[in-house]
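Note: the block below is protein35.cif and it holds mmCIF, C-alpha atoms.
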data_structure
#
loop_
_atom_site.group_PDB
_atom_site.id
_atom_site.type_symbol
_atom_site.label_atom_id
_atom_site.label_comp_id
_atom_site.auth_asym_id
_atom_site.auth_seq_id
_atom_site.Cartn_x
_atom_site.Cartn_y
_atom_site.Cartn_z
ATOM 1 C CA MET B 1 -1.363 -18.636 -16.067
ATOM 2 C CA ASN B 2 2.349 -19.380 -16.444
ATOM 3 C CA MET B 3 4.362 -18.738 -13.284
ATOM 4 C CA THR B 4 7.768 -17.051 -13.498
ATOM 5 C CA MET B 5 10.493 -16.819 -10.877
ATOM 6 C CA SER B 6 9.142 -13.413 -9.785
ATOM 7 C CA ASP B 7 5.687 -14.930 -9.175
ATOM 8 C CA VAL B 8 6.597 -17.862 -6.898
ATOM 9 C CA HIS B 9 5.097 -16.101 -3.871
ATOM 10 C CA LEU B 10 1.671 -15.650 -5.470
ATOM 11 C CA ARG B 11 -1.276 -17.758 -4.351
ATOM 12 C CA PRO B 12 -3.579 -19.510 -6.900
ATOM 13 C CA SER B 13 -5.494 -16.886 -8.891
ATOM 14 C CA SER B 14 -8.799 -18.562 -7.975
ATOM 15 C CA GLU B 15 -8.201 -17.589 -4.320
ATOM 16 C CA THR B 16 -7.301 -13.926 -4.839
ATOM 17 C CA ILE B 17 -9.480 -10.844 -5.118
ATOM 18 C CA LEU B 18 -6.606 -8.621 -6.324
ATOM 19 C CA ARG B 19 -3.635 -9.988 -8.247
ATOM 20 C CA VAL B 20 -0.816 -7.874 -9.706
ATOM 21 C CA GLU B 21 1.547 -9.542 -12.165
ATOM 22 C CA ASN B 22 4.900 -8.085 -13.261
ATOM 23 C CA LEU B 23 3.835 -4.434 -13.064
ATOM 24 C CA ILE B 24 6.272 -1.886 -14.483
ATOM 25 C CA VAL B 25 5.750 1.867 -14.079
ATOM 26 C CA GLU B 26 8.156 4.481 -15.429
ATOM 27 C CA TYR B 27 8.468 8.263 -15.228
ATOM 28 C CA PRO B 28 10.226 10.522 -17.733
ATOM 29 C CA SER B 29 13.182 12.535 -16.407
ATOM 30 C CA ARG B 30 16.001 14.666 -17.747
ATOM 31 C CA ALA B 31 18.374 11.751 -17.283
ATOM 32 C CA GLY B 32 16.075 9.310 -19.097
ATOM 33 C CA ARG B 33 13.319 7.008 -17.942
ATOM 34 C CA VAL B 34 13.021 6.268 -14.216
ATOM 35 C CA ARG B 35 11.637 2.792 -13.556
ATOM 36 C CA ALA B 36 9.886 3.496 -10.234
ATOM 37 C CA VAL B 37 8.165 0.093 -10.126
ATOM 38 C CA SER B 38 10.130 -2.742 -11.704
ATOM 39 C CA ASP B 39 8.437 -6.092 -12.342
ATOM 40 C CA VAL B 40 6.408 -6.161 -9.091
ATOM 41 C CA SER B 41 3.869 -8.928 -8.408
ATOM 42 C CA LEU B 42 1.558 -9.215 -5.393
ATOM 43 C CA ASP B 43 -1.826 -10.615 -4.458
ATOM 44 C CA ILE B 44 -4.558 -10.209 -1.844
ATOM 45 C CA VAL B 45 -7.159 -12.770 -0.817
ATOM 46 C CA ALA B 46 -10.603 -11.692 0.385
ATOM 47 C CA GLY B 47 -10.519 -10.157 3.854
ATOM 48 C CA GLU B 48 -6.721 -9.878 3.936
ATOM 49 C CA THR B 49 -4.567 -6.844 4.713
ATOM 50 C CA VAL B 50 -1.394 -6.756 2.632
ATOM 51 C CA ALA B 51 1.182 -4.086 3.455
ATOM 52 C CA VAL B 52 3.917 -2.663 1.251
ATOM 53 C CA VAL B 53 6.779 -1.122 3.211
ATOM 54 C CA GLY B 54 10.037 0.592 2.348
ATOM 55 C CA GLU B 55 11.879 3.894 2.638
ATOM 56 C CA SER B 56 10.839 7.037 0.761
ATOM 57 C CA GLY B 57 11.402 6.777 -2.984
ATOM 58 C CA CYS B 58 11.263 2.976 -3.188
ATOM 59 C CA GLY B 59 8.114 3.033 -5.375
ATOM 60 C CA LYS B 60 5.355 2.224 -2.842
ATOM 61 C CA SER B 61 2.982 5.047 -3.748
ATOM 62 C CA THR B 62 3.714 4.650 -7.458
ATOM 63 C CA LEU B 63 2.777 0.977 -7.132
ATOM 64 C CA ALA B 64 -0.538 1.928 -5.509
ATOM 65 C CA LYS B 65 -1.323 4.496 -8.201
ATOM 66 C CA GLY B 66 -0.328 2.050 -10.941
ATOM 67 C CA ILE B 67 -2.687 -0.572 -9.528
ATOM 68 C CA MET B 68 -5.477 2.032 -9.392
ATOM 69 C CA ARG B 69 -4.731 3.121 -12.996
ATOM 70 C CA LEU B 70 -4.244 6.691 -11.760
ATOM 71 C CA ILE B 71 -0.956 6.675 -13.672
ATOM 72 C CA PRO B 72 -0.153 4.581 -16.766
ATOM 73 C CA SER B 73 1.959 1.451 -16.546
ATOM 74 C CA VAL B 74 4.487 0.285 -19.124
ATOM 75 C CA SER B 75 3.463 -3.353 -18.788
ATOM 76 C CA GLY B 76 1.974 -5.847 -16.369
ATOM 77 C CA ARG B 77 -1.498 -6.986 -15.405
ATOM 78 C CA VAL B 78 -3.803 -6.049 -12.528
ATOM 79 C CA PHE B 79 -6.633 -8.499 -11.940
ATOM 80 C CA LEU B 80 -9.595 -7.495 -9.793
ATOM 81 C CA ASN B 81 -12.043 -10.390 -9.467
ATOM 82 C CA GLY B 82 -10.446 -11.917 -12.553
ATOM 83 C CA THR B 83 -10.809 -8.798 -14.723
ATOM 84 C CA ASP B 84 -7.566 -7.224 -15.944
ATOM 85 C CA LEU B 85 -7.845 -3.519 -15.091
ATOM 86 C CA ALA B 86 -4.692 -2.801 -17.091
ATOM 87 C CA SER B 87 -6.499 -3.803 -20.290
ATOM 88 C CA LEU B 88 -9.590 -1.639 -19.676
ATOM 89 C CA GLU B 89 -10.178 1.816 -21.088
ATOM 90 C CA GLY B 90 -12.923 4.432 -20.998
ATOM 91 C CA GLU B 91 -16.329 3.369 -19.702
ATOM 92 C CA ALA B 92 -15.202 -0.215 -18.998
ATOM 93 C CA LEU B 93 -12.493 1.059 -16.633
ATOM 94 C CA ARG B 94 -14.880 3.547 -15.055
ATOM 95 C CA CYS B 95 -17.403 0.795 -14.311
ATOM 96 C CA ALA B 96 -14.717 -1.352 -12.648
ATOM 97 C CA ARG B 97 -13.397 1.402 -10.380
ATOM 98 C CA PRO B 98 -16.120 1.404 -7.681
ATOM 99 C CA ASN B 99 -14.794 -1.992 -6.555
ATOM 100 C CA ILE B 100 -11.386 -0.538 -5.644
ATOM 101 C CA GLN B 101 -11.068 2.807 -3.858
ATOM 102 C CA MET B 102 -8.197 4.749 -2.332
ATOM 103 C CA ILE B 103 -7.465 7.007 0.632
ATOM 104 C CA PHE B 104 -4.468 9.295 0.288
ATOM 105 C CA GLN B 105 -1.580 10.389 2.470
ATOM 106 C CA ASP B 106 -2.484 14.096 2.417
ATOM 107 C CA SER B 107 -6.017 13.912 3.741
ATOM 108 C CA ILE B 108 -6.638 17.671 3.682
ATOM 109 C CA SER B 109 -5.681 18.321 0.046
ATOM 110 C CA SER B 110 -7.537 15.182 -1.123
ATOM 111 C CA LEU B 111 -10.874 16.797 -0.134
ATOM 112 C CA ASP B 112 -12.518 19.558 -2.189
ATOM 113 C CA PRO B 113 -12.392 22.646 0.082
ATOM 114 C CA HIS B 114 -15.514 24.110 -1.541
ATOM 115 C CA LEU B 115 -17.816 21.230 -0.620
ATOM 116 C CA ARG B 116 -19.373 20.556 2.761
ATOM 117 C CA VAL B 117 -18.626 17.259 4.485
ATOM 118 C CA ARG B 118 -22.070 15.857 3.763
ATOM 119 C CA GLU B 119 -21.645 16.656 0.063
ATOM 120 C CA LEU B 120 -18.155 15.138 -0.045
ATOM 121 C CA VAL B 121 -19.319 11.800 1.303
ATOM 122 C CA GLU B 122 -22.486 11.807 -0.807
ATOM 123 C CA GLN B 123 -20.752 12.762 -4.064
ATOM 124 C CA PRO B 124 -19.739 9.209 -5.139
ATOM 125 C CA LEU B 125 -23.313 8.021 -4.547
ATOM 126 C CA LYS B 126 -24.689 10.837 -6.710
ATOM 127 C CA VAL B 127 -22.117 10.221 -9.462
ATOM 128 C CA TRP B 128 -23.176 6.569 -9.633
ATOM 129 C CA GLY B 129 -26.893 7.327 -9.205
ATOM 130 C CA ARG B 130 -27.267 5.144 -6.146
ATOM 131 C CA GLY B 131 -30.344 5.570 -3.969
ATOM 132 C CA THR B 132 -32.903 8.323 -3.508
ATOM 133 C CA ASP B 133 -32.102 11.613 -1.784
ATOM 134 C CA GLU B 134 -33.376 10.197 1.511
ATOM 135 C CA GLU B 135 -31.458 6.931 1.122
ATOM 136 C CA ARG B 136 -28.246 8.808 0.355
ATOM 137 C CA ARG B 137 -28.765 11.095 3.349
ATOM 138 C CA THR B 138 -29.224 8.087 5.612
ATOM 139 C CA LYS B 139 -26.141 6.395 4.126
ATOM 140 C CA VAL B 140 -23.973 9.483 4.638
ATOM 141 C CA GLU B 141 -25.038 9.795 8.277
ATOM 142 C CA GLU B 142 -24.305 6.102 8.861
ATOM 143 C CA LEU B 143 -20.830 6.410 7.316
ATOM 144 C CA LEU B 144 -19.930 9.513 9.313
ATOM 145 C CA ARG B 145 -21.000 7.862 12.561
ATOM 146 C CA SER B 146 -18.997 4.761 11.664
ATOM 147 C CA VAL B 147 -15.805 6.876 11.560
ATOM 148 C CA ASN B 148 -16.717 8.545 14.869
ATOM 149 C CA LEU B 149 -17.970 11.836 13.450
ATOM 150 C CA ASP B 150 -21.342 13.329 14.419
ATOM 151 C CA PRO B 151 -23.189 14.187 11.165
ATOM 152 C CA ALA B 152 -25.191 16.897 12.955
ATOM 153 C CA VAL B 153 -21.937 18.617 13.970
ATOM 154 C CA VAL B 154 -19.720 18.113 10.907
ATOM 155 C CA GLY B 155 -22.189 17.630 8.037
ATOM 156 C CA ASP B 156 -22.552 21.294 7.033
ATOM 157 C CA ARG B 157 -18.952 22.317 7.643
ATOM 158 C CA LYS B 158 -16.098 22.371 5.133
ATOM 159 C CA PRO B 159 -12.908 20.247 5.337
ATOM 160 C CA THR B 160 -10.726 23.327 5.930
ATOM 161 C CA GLU B 161 -12.342 23.596 9.376
ATOM 162 C CA PHE B 162 -10.983 20.222 10.506
ATOM 163 C CA SER B 163 -7.679 18.700 11.584
ATOM 164 C CA GLY B 164 -5.709 16.205 9.497
ATOM 165 C CA GLY B 165 -7.049 13.274 11.523
ATOM 166 C CA GLN B 166 -10.654 14.395 11.112
ATOM 167 C CA CYS B 167 -10.124 14.906 7.364
ATOM 168 C CA GLN B 168 -8.726 11.391 7.111
ATOM 169 C CA ARG B 169 -11.902 10.050 8.755
ATOM 170 C CA ILE B 170 -13.957 11.967 6.186
ATOM 171 C CA SER B 171 -11.797 10.480 3.405
ATOM 172 C CA ILE B 172 -12.414 6.970 4.742
ATOM 173 C CA ALA B 173 -16.178 7.572 4.861
ATOM 174 C CA ARG B 174 -16.127 8.902 1.287
ATOM 175 C CA ALA B 175 -14.084 5.951 -0.003
ATOM 176 C CA LEU B 176 -16.502 3.471 1.571
ATOM 177 C CA SER B 177 -19.683 5.169 0.356
ATOM 178 C CA ILE B 178 -19.894 3.027 -2.802
ATOM 179 C CA GLU B 179 -18.960 -0.158 -0.924
ATOM 180 C CA PRO B 180 -15.676 -1.190 -2.580
ATOM 181 C CA GLN B 181 -14.204 -4.648 -2.170
ATOM 182 C CA VAL B 182 -10.598 -3.415 -1.982
ATOM 183 C CA LEU B 183 -9.400 -0.286 -0.193
ATOM 184 C CA VAL B 184 -5.945 1.051 -1.049
ATOM 185 C CA CYS B 185 -4.468 3.066 1.822
ATOM 186 C CA ASP B 186 -1.498 5.190 0.700
ATOM 187 C CA GLU B 187 0.374 6.148 3.889
ATOM 188 C CA PRO B 188 -2.911 7.174 5.572
ATOM 189 C CA VAL B 189 -1.381 7.957 8.966
ATOM 190 C CA SER B 190 2.161 9.143 8.171
ATOM 191 C CA SER B 191 1.308 12.863 8.469
ATOM 192 C CA LEU B 192 -0.613 12.475 11.742
ATOM 193 C CA ASP B 193 0.398 12.593 15.409
ATOM 194 C CA VAL B 194 1.058 9.202 17.012
ATOM 195 C CA SER B 195 -2.098 9.317 19.164
ATOM 196 C CA ILE B 196 -4.208 10.204 16.111
ATOM 197 C CA GLN B 197 -2.484 7.454 14.096
ATOM 198 C CA ALA B 198 -3.776 4.865 16.552
ATOM 199 C CA GLN B 199 -7.331 6.210 16.237
ATOM 200 C CA ILE B 200 -7.241 6.087 12.421
ATOM 201 C CA LEU B 201 -5.768 2.565 12.415
ATOM 202 C CA ASN B 202 -8.525 1.411 14.776
ATOM 203 C CA ILE B 203 -11.134 2.941 12.479
ATOM 204 C CA ILE B 204 -9.601 1.246 9.413
ATOM 205 C CA ARG B 205 -9.607 -2.109 11.211
ATOM 206 C CA ALA B 206 -13.239 -1.599 12.301
ATOM 207 C CA MET B 207 -14.283 -0.634 8.766
ATOM 208 C CA LYS B 208 -12.509 -3.668 7.343
ATOM 209 C CA LYS B 209 -14.512 -5.937 9.630
ATOM 210 C CA ARG B 210 -17.792 -4.074 9.226
ATOM 211 C CA TYR B 211 -17.747 -3.855 5.425
ATOM 212 C CA GLY B 212 -15.775 -7.028 4.612
ATOM 213 C CA LEU B 213 -12.902 -5.140 3.014
ATOM 214 C CA SER B 214 -9.572 -6.305 1.669
ATOM 215 C CA LEU B 215 -6.775 -3.773 2.218
ATOM 216 C CA LEU B 216 -3.595 -2.784 0.425
ATOM 217 C CA PHE B 217 -1.751 -0.718 3.035
ATOM 218 C CA ILE B 218 1.237 1.407 1.977
ATOM 219 C CA SER B 219 3.601 2.577 4.716
ATOM 220 C CA HIS B 220 7.213 3.307 5.624
ATOM 221 C CA ASP B 221 6.583 2.535 9.312
ATOM 222 C CA LEU B 222 7.197 -1.099 10.246
ATOM 223 C CA SER B 223 5.507 -0.716 13.642
ATOM 224 C CA VAL B 224 2.301 0.423 11.920
ATOM 225 C CA VAL B 225 2.581 -2.393 9.371
ATOM 226 C CA ARG B 226 3.034 -5.007 12.084
ATOM 227 C CA ALA B 227 -0.084 -3.768 13.869
ATOM 228 C CA ILE B 228 -2.414 -3.954 10.880
ATOM 229 C CA SER B 229 -1.166 -6.419 8.243
ATOM 230 C CA ASP B 230 -1.494 -10.129 7.538
ATOM 231 C CA ARG B 231 1.263 -10.193 4.903
ATOM 232 C CA VAL B 232 4.093 -7.755 4.149
ATOM 233 C CA TYR B 233 5.985 -6.891 0.970
ATOM 234 C CA VAL B 234 9.295 -5.057 1.420
ATOM 235 C CA MET B 235 10.394 -2.851 -1.494
ATOM 236 C CA TYR B 236 13.785 -1.380 -2.324
ATOM 237 C CA LEU B 237 14.434 0.826 -5.359
ATOM 238 C CA GLY B 238 11.351 -0.369 -7.240
ATOM 239 C CA LYS B 239 11.797 -4.086 -6.504
ATOM 240 C CA VAL B 240 10.239 -6.490 -3.998
ATOM 241 C CA CYS B 241 13.067 -7.894 -1.892
ATOM 242 C CA GLU B 242 11.120 -9.853 0.735
ATOM 243 C CA VAL B 243 7.602 -11.205 1.368
ATOM 244 C CA SER B 244 6.608 -12.518 4.778
ATOM 245 C CA ASP B 245 4.064 -12.414 7.561
ATOM 246 C CA PRO B 246 4.614 -9.472 9.968
ATOM 247 C CA HIS B 247 5.733 -11.560 12.943
ATOM 248 C CA ARG B 248 8.406 -13.480 11.027
ATOM 249 C CA LEU B 249 9.505 -10.250 9.339
ATOM 250 C CA ALA B 250 10.017 -8.587 12.737
ATOM 251 C CA THR B 251 11.777 -11.522 14.373
ATOM 252 C CA SER B 252 13.621 -13.315 11.522
ATOM 253 C CA PRO B 253 14.097 -11.023 8.499
ATOM 254 C CA ALA B 254 15.870 -12.861 5.685
ATOM 255 C CA HIS B 255 16.939 -9.910 3.521
ATOM 256 C CA HIS B 256 19.745 -7.673 4.764
ATOM 257 C CA TYR B 257 17.747 -4.547 3.882
ATOM 258 C CA THR B 258 14.740 -5.796 5.847
ATOM 259 C CA HIS B 259 17.048 -6.513 8.784
ATOM 260 C CA ALA B 260 18.268 -2.902 8.680
ATOM 261 C CA LEU B 261 14.684 -1.605 8.609
ATOM 262 C CA VAL B 262 13.649 -3.812 11.539
ATOM 263 C CA SER B 263 16.685 -2.861 13.620
ATOM 264 C CA ALA B 264 15.861 0.836 13.145
ATOM 265 C CA VAL B 265 12.430 0.488 14.786
ATOM 266 C CA PRO B 266 12.711 1.919 18.328
ATOM 267 C CA ILE B 267 11.750 -0.305 21.256
ATOM 268 C CA PRO B 268 9.870 1.562 24.026
ATOM 269 C CA ASP B 269 11.830 -0.131 26.794
ATOM 270 C CA PRO B 270 15.145 1.352 28.045
ATOM 271 C CA ALA B 271 16.144 -2.039 29.463
ATOM 272 C CA VAL B 272 16.167 -3.645 26.023
ATOM 273 C CA ARG B 273 19.356 -3.057 24.069
ATOM 274 C CA ARG B 274 19.657 -3.960 20.414
ATOM 275 C CA ARG B 275 22.495 -3.467 17.992
ATOM 276 C CA ARG B 276 21.333 -1.468 15.022
ATOM 277 C CA ALA B 277 22.330 -2.603 11.532
ATOM 278 C CA MET B 278 24.002 0.362 9.866
ATOM 279 C CA LEU B 279 23.818 0.779 6.091
ATOM 280 C CA GLU B 280 26.748 2.283 4.243
ATOM 281 C CA GLY B 281 26.243 5.085 1.739
ATOM 282 C CA GLU B 282 23.154 6.508 0.089
ATOM 283 C CA PRO B 283 20.535 4.702 -2.030
ATOM 284 C CA PRO B 284 21.613 4.551 -5.697
ATOM 285 C CA SER B 285 19.967 6.757 -8.284
ATOM 286 C CA PRO B 286 16.778 5.180 -9.678
ATOM 287 C CA THR B 287 17.761 6.456 -13.130
ATOM 288 C CA ASN B 288 20.879 4.269 -13.044
ATOM 289 C CA PRO B 289 20.358 1.367 -10.611
ATOM 290 C CA PRO B 290 23.231 -1.052 -9.895
ATOM 291 C CA SER B 291 23.601 -4.216 -11.947
ATOM 292 C CA GLY B 292 22.441 -7.460 -10.411
ATOM 293 C CA CYS B 293 21.030 -6.881 -6.924
ATOM 294 C CA ARG B 294 19.968 -3.272 -6.440
ATOM 295 C CA PHE B 295 20.889 -3.387 -2.756
ATOM 296 C CA ARG B 296 24.421 -4.737 -3.258
ATOM 297 C CA THR B 297 26.135 -1.319 -2.996
ATOM 298 C CA ARG B 298 24.953 -1.043 0.623
ATOM 299 C CA CYS B 299 24.827 -4.710 1.610
ATOM 300 C CA PRO B 300 27.375 -6.187 4.062
ATOM 301 C CA ALA B 301 27.061 -9.640 2.436
ATOM 302 C CA ALA B 302 27.505 -8.578 -1.194
ATOM 303 C CA THR B 303 29.741 -10.676 -3.477
ATOM 304 C CA GLU B 304 30.648 -10.691 -7.162
ATOM 305 C CA LYS B 305 27.610 -12.872 -7.835
ATOM 306 C CA CYS B 306 25.384 -10.067 -6.542
ATOM 307 C CA ALA B 307 26.769 -7.707 -9.204
ATOM 308 C CA ALA B 308 26.545 -10.236 -12.015
ATOM 309 C CA GLU B 309 23.158 -11.823 -11.381
ATOM 310 C CA GLU B 310 19.863 -10.351 -10.218
ATOM 311 C CA PRO B 311 18.410 -12.428 -7.362
ATOM 312 C CA GLN B 312 14.892 -13.795 -7.746
ATOM 313 C CA LEU B 313 12.353 -14.367 -5.003
ATOM 314 C CA ARG B 314 12.622 -17.832 -3.473
ATOM 315 C CA GLU B 315 11.066 -19.450 -0.439
ATOM 316 C CA VAL B 316 13.424 -19.719 2.552
ATOM 317 C CA ALA B 317 10.774 -20.610 5.175
ATOM 318 C CA GLU B 318 7.074 -21.357 5.037
ATOM 319 C CA GLY B 319 5.415 -18.243 3.615
ATOM 320 C CA GLN B 320 8.679 -16.270 3.600
ATOM 321 C CA PHE B 321 10.262 -15.349 0.269
ATOM 322 C CA VAL B 322 13.467 -13.386 -0.274
ATOM 323 C CA ALA B 323 15.303 -12.036 -3.326
ATOM 324 C CA CYS B 324 18.872 -12.476 -2.095
ATOM 325 C CA HIS B 325 21.821 -14.696 -3.063
ATOM 326 C CA HIS B 326 23.063 -14.727 0.541
ATOM 327 C CA PRO B 327 20.020 -14.424 2.833
ATOM 328 C CA ARG B 328 20.374 -14.110 6.592
ATOM 329 C CA ASN B 329 20.015 -17.381 8.534
#

Write-out of the structure in structure tokens:
Amino acid sequence: MNMTMSDVHLRPSSETILRVENLIVEYPSRAGRVRAVSDVSLDIVAGETVAVVGESGCGKSTLAKGIMRLIPSVSGRVFLNGTDLASLEGEALRCARPNIQMIFQDSISSLDPHLRVRELVEQPLKVWGRGTDEERRTKVEELLRSVNLDPAVVGDRKPTEFSGGQCQRISIARALSIEPQVLVCDEPVSSLDVSIQAQILNIIRAMKKRYGLSLLFISHDLSVVRAISDRVYVMYLGKVCEVSDPHRLATSPAHHYTHALVSAVPIPDPAVRRRRAMLEGEPPSPTNPPSGCRFRTRCPAATEKCAAEEPQLREVAEGQFVACHHPRN
């Protein structure tokens, strides 16, 4: 495969289980087409957790849905085990989907309120004709216990009887019932209390280890991302602006937008004082993004070059890539 400037951060395709190349997703609007995901590339190796982080409206969830083929993409390729999902249609796409599953931000509305918990978790197994009735029953009970739910207590109840955190556990069990290789987590803890967030993150980590999963984790919370990820992609207005490991991202962000995100994360220690990087103005309209660098209208280091030329990802430290003409030292 030919590498472009936007792909310099990708690992060899032979090493990756999921590889996204130059994905573009657009929505129609009254003002024209909105390019919510603009030429995004990422990859995940087996057993890795890759996070995508950014503020609301940057295209994180659209990226996840585009990868899953839940919404159509304008162009780009999505390779799962070497097979381009973007080129599949009909039964071929359906047969590829068990290998990549998704849990959603709104755990309650993602579950059919008319089905009992046991039926919800068993449904994917029945759809794919896996196992006998007894084998499916045993599998469902195992999955519910693995997410810390007692099948004898919850099995015959409906999702409307449970809290958001409990519904998210049910969603995780359902997603894992057909043993996917990749699990896409679209802001799975953002609507939950902090104490419940920690429980769900612990369950996701345990499931990753138990079932040998690779994770694509979407979030706007850098503290959550740092706790769970091996590699982080930072998005701004549909573009990837930085790629790094979570420790380097938290301690030495190279992009000025990433620096602003990191400085906004509260530190639970009153003795520690940190100067917060303040951004001027509001994010530009996605229907009419700025020329050159999309962040230049809010960036303290912006120059004429930033307006004239779009920055491409380049490596500034080992494993750290930034799309900026004037990265932070």

Nearest candidate to Phe162 (chain B) (options B:Ala64, B:Val8, B:Val194, B:Ser109; using only C-alpha atoms):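 Ranking B:Ala64, B:Val8, B:Val194, B:Ser109 by distance to Phe162 (chain B), first place goes to B:Ser109.
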
Residues within 10 Å of Ile203 (chain B), only C-alpha atoms, excluding chain neighbours under 3 positions, as a VMD selection string: chain B and resid 146 to 148 169 172 197 to 200 206 to 209

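Nearest to Pro98 (chain B) of all the residues B:Gly66, B:Pro124, B:Gly292, B:Pro327 is B:Pro124, based on all atoms listed in the file.
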
Shell of 9 Å around Val224 (chain B), only C-alpha atoms, local chain residues under 2 positions omitted, as a VMD selection string: chain B and resid 189 197 to 198 201 219 to 222 226 to 229

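Straight-line separation from CA of Glu315 (chain B) to CA of Val243 (chain B): 9.1 Å.
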
Local residues around (-17.8, 5.6, -2.5), at most 8 Å away, using only C-alpha atoms, as a list in words: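 Counting only C-alpha atoms, I find these residues within 8 Å of (-17.8, 5.6, -2.5): Pro98, Gln101, Val121, Glu122, Gln123, Pro124, Leu125, Ala173, Arg174, Ala175, Leu176, Ser177, Ile178, Glu179 and Pro180 of chain B.
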
Hits from the PyMOL selection byres ((chain B and resi 112) around 12), listed as a VMD selection string: chain B and resid 107 to 111 113 to 121 123 158 to 160 167 170 to 171 174

Between CA of His259 (chain B) and CA of Asp106 (chain B), distance in Å (one decimal): 29.1 Å

Selected residue of minimal separation from Leu23 (chain B) among B:Pro151, B:Gly131, B:Gly281, B:Gly238, counting only C-alpha atoms: B:Gly238

Spell out the residues picked by the PyMOL selection byres ((chain B and resi 88-96) around 12) here, as a PDB file with C-alpha atoms, in the coordinates of the input.
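The resulting file, part00.pdb, is reproduced below:
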ATOM      1  CA  MET B  68      -5.477   2.032  -9.392  1.00  0.00           C
ATOM      2  CA  ARG B  69      -4.731   3.121 -12.996  1.00  0.00           C
ATOM      3  CA  LEU B  70      -4.244   6.691 -11.760  1.00  0.00           C
ATOM      4  CA  PRO B  72      -0.153   4.581 -16.766  1.00  0.00           C
ATOM      5  CA  ARG B  77      -1.498  -6.986 -15.405  1.00  0.00           C
ATOM      6  CA  VAL B  78      -3.803  -6.049 -12.528  1.00  0.00           C
ATOM      7  CA  PHE B  79      -6.633  -8.499 -11.940  1.00  0.00           C
ATOM      8  CA  LEU B  80      -9.595  -7.495  -9.793  1.00  0.00           C
ATOM      9  CA  ASN B  81     -12.043 -10.390  -9.467  1.00  0.00           C
ATOM     10  CA  GLY B  82     -10.446 -11.917 -12.553  1.00  0.00           C
ATOM     11  CA  THR B  83     -10.809  -8.798 -14.723  1.00  0.00           C
ATOM     12  CA  ASP B  84      -7.566  -7.224 -15.944  1.00  0.00           C
ATOM     13  CA  LEU B  85      -7.845  -3.519 -15.091  1.00  0.00           C
ATOM     14  CA  ALA B  86      -4.692  -2.801 -17.091  1.00  0.00           C
ATOM     15  CA  SER B  87      -6.499  -3.803 -20.290  1.00  0.00           C
ATOM     16  CA  ARG B  97     -13.397   1.402 -10.380  1.00  0.00           C
ATOM     17  CA  PRO B  98     -16.120   1.404  -7.681  1.00  0.00           C
ATOM     18  CA  ASN B  99     -14.794  -1.992  -6.555  1.00  0.00           C
ATOM     19  CA  ILE B 100     -11.386  -0.538  -5.644  1.00  0.00           C
ATOM     20  CA  GLN B 101     -11.068   2.807  -3.858  1.00  0.00           C
ATOM     21  CA  VAL B 127     -22.117  10.221  -9.462  1.00  0.00           C
ATOM     22  CA  TRP B 128     -23.176   6.569  -9.633  1.00  0.00           C
ATOM     23  CA  ILE B 178     -19.894   3.027  -2.802  1.00  0.00           C
ATOM     24  CA  PRO B 180     -15.676  -1.190  -2.580  1.00  0.00           C
ATOM     25  CA  GLN B 181     -14.204  -4.648  -2.170  1.00  0.00           C
ATOM     26  CA  VAL B 182     -10.598  -3.415  -1.982  1.00  0.00           C
TER      27      VAL B 182
END

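Remark: for Arg231 (chain B), the closest of the candidate residues B:Thr251, B:Gln320, B:Asn202, B:Asn288 is B:Gln320 (distances computed over only C-alpha atoms).
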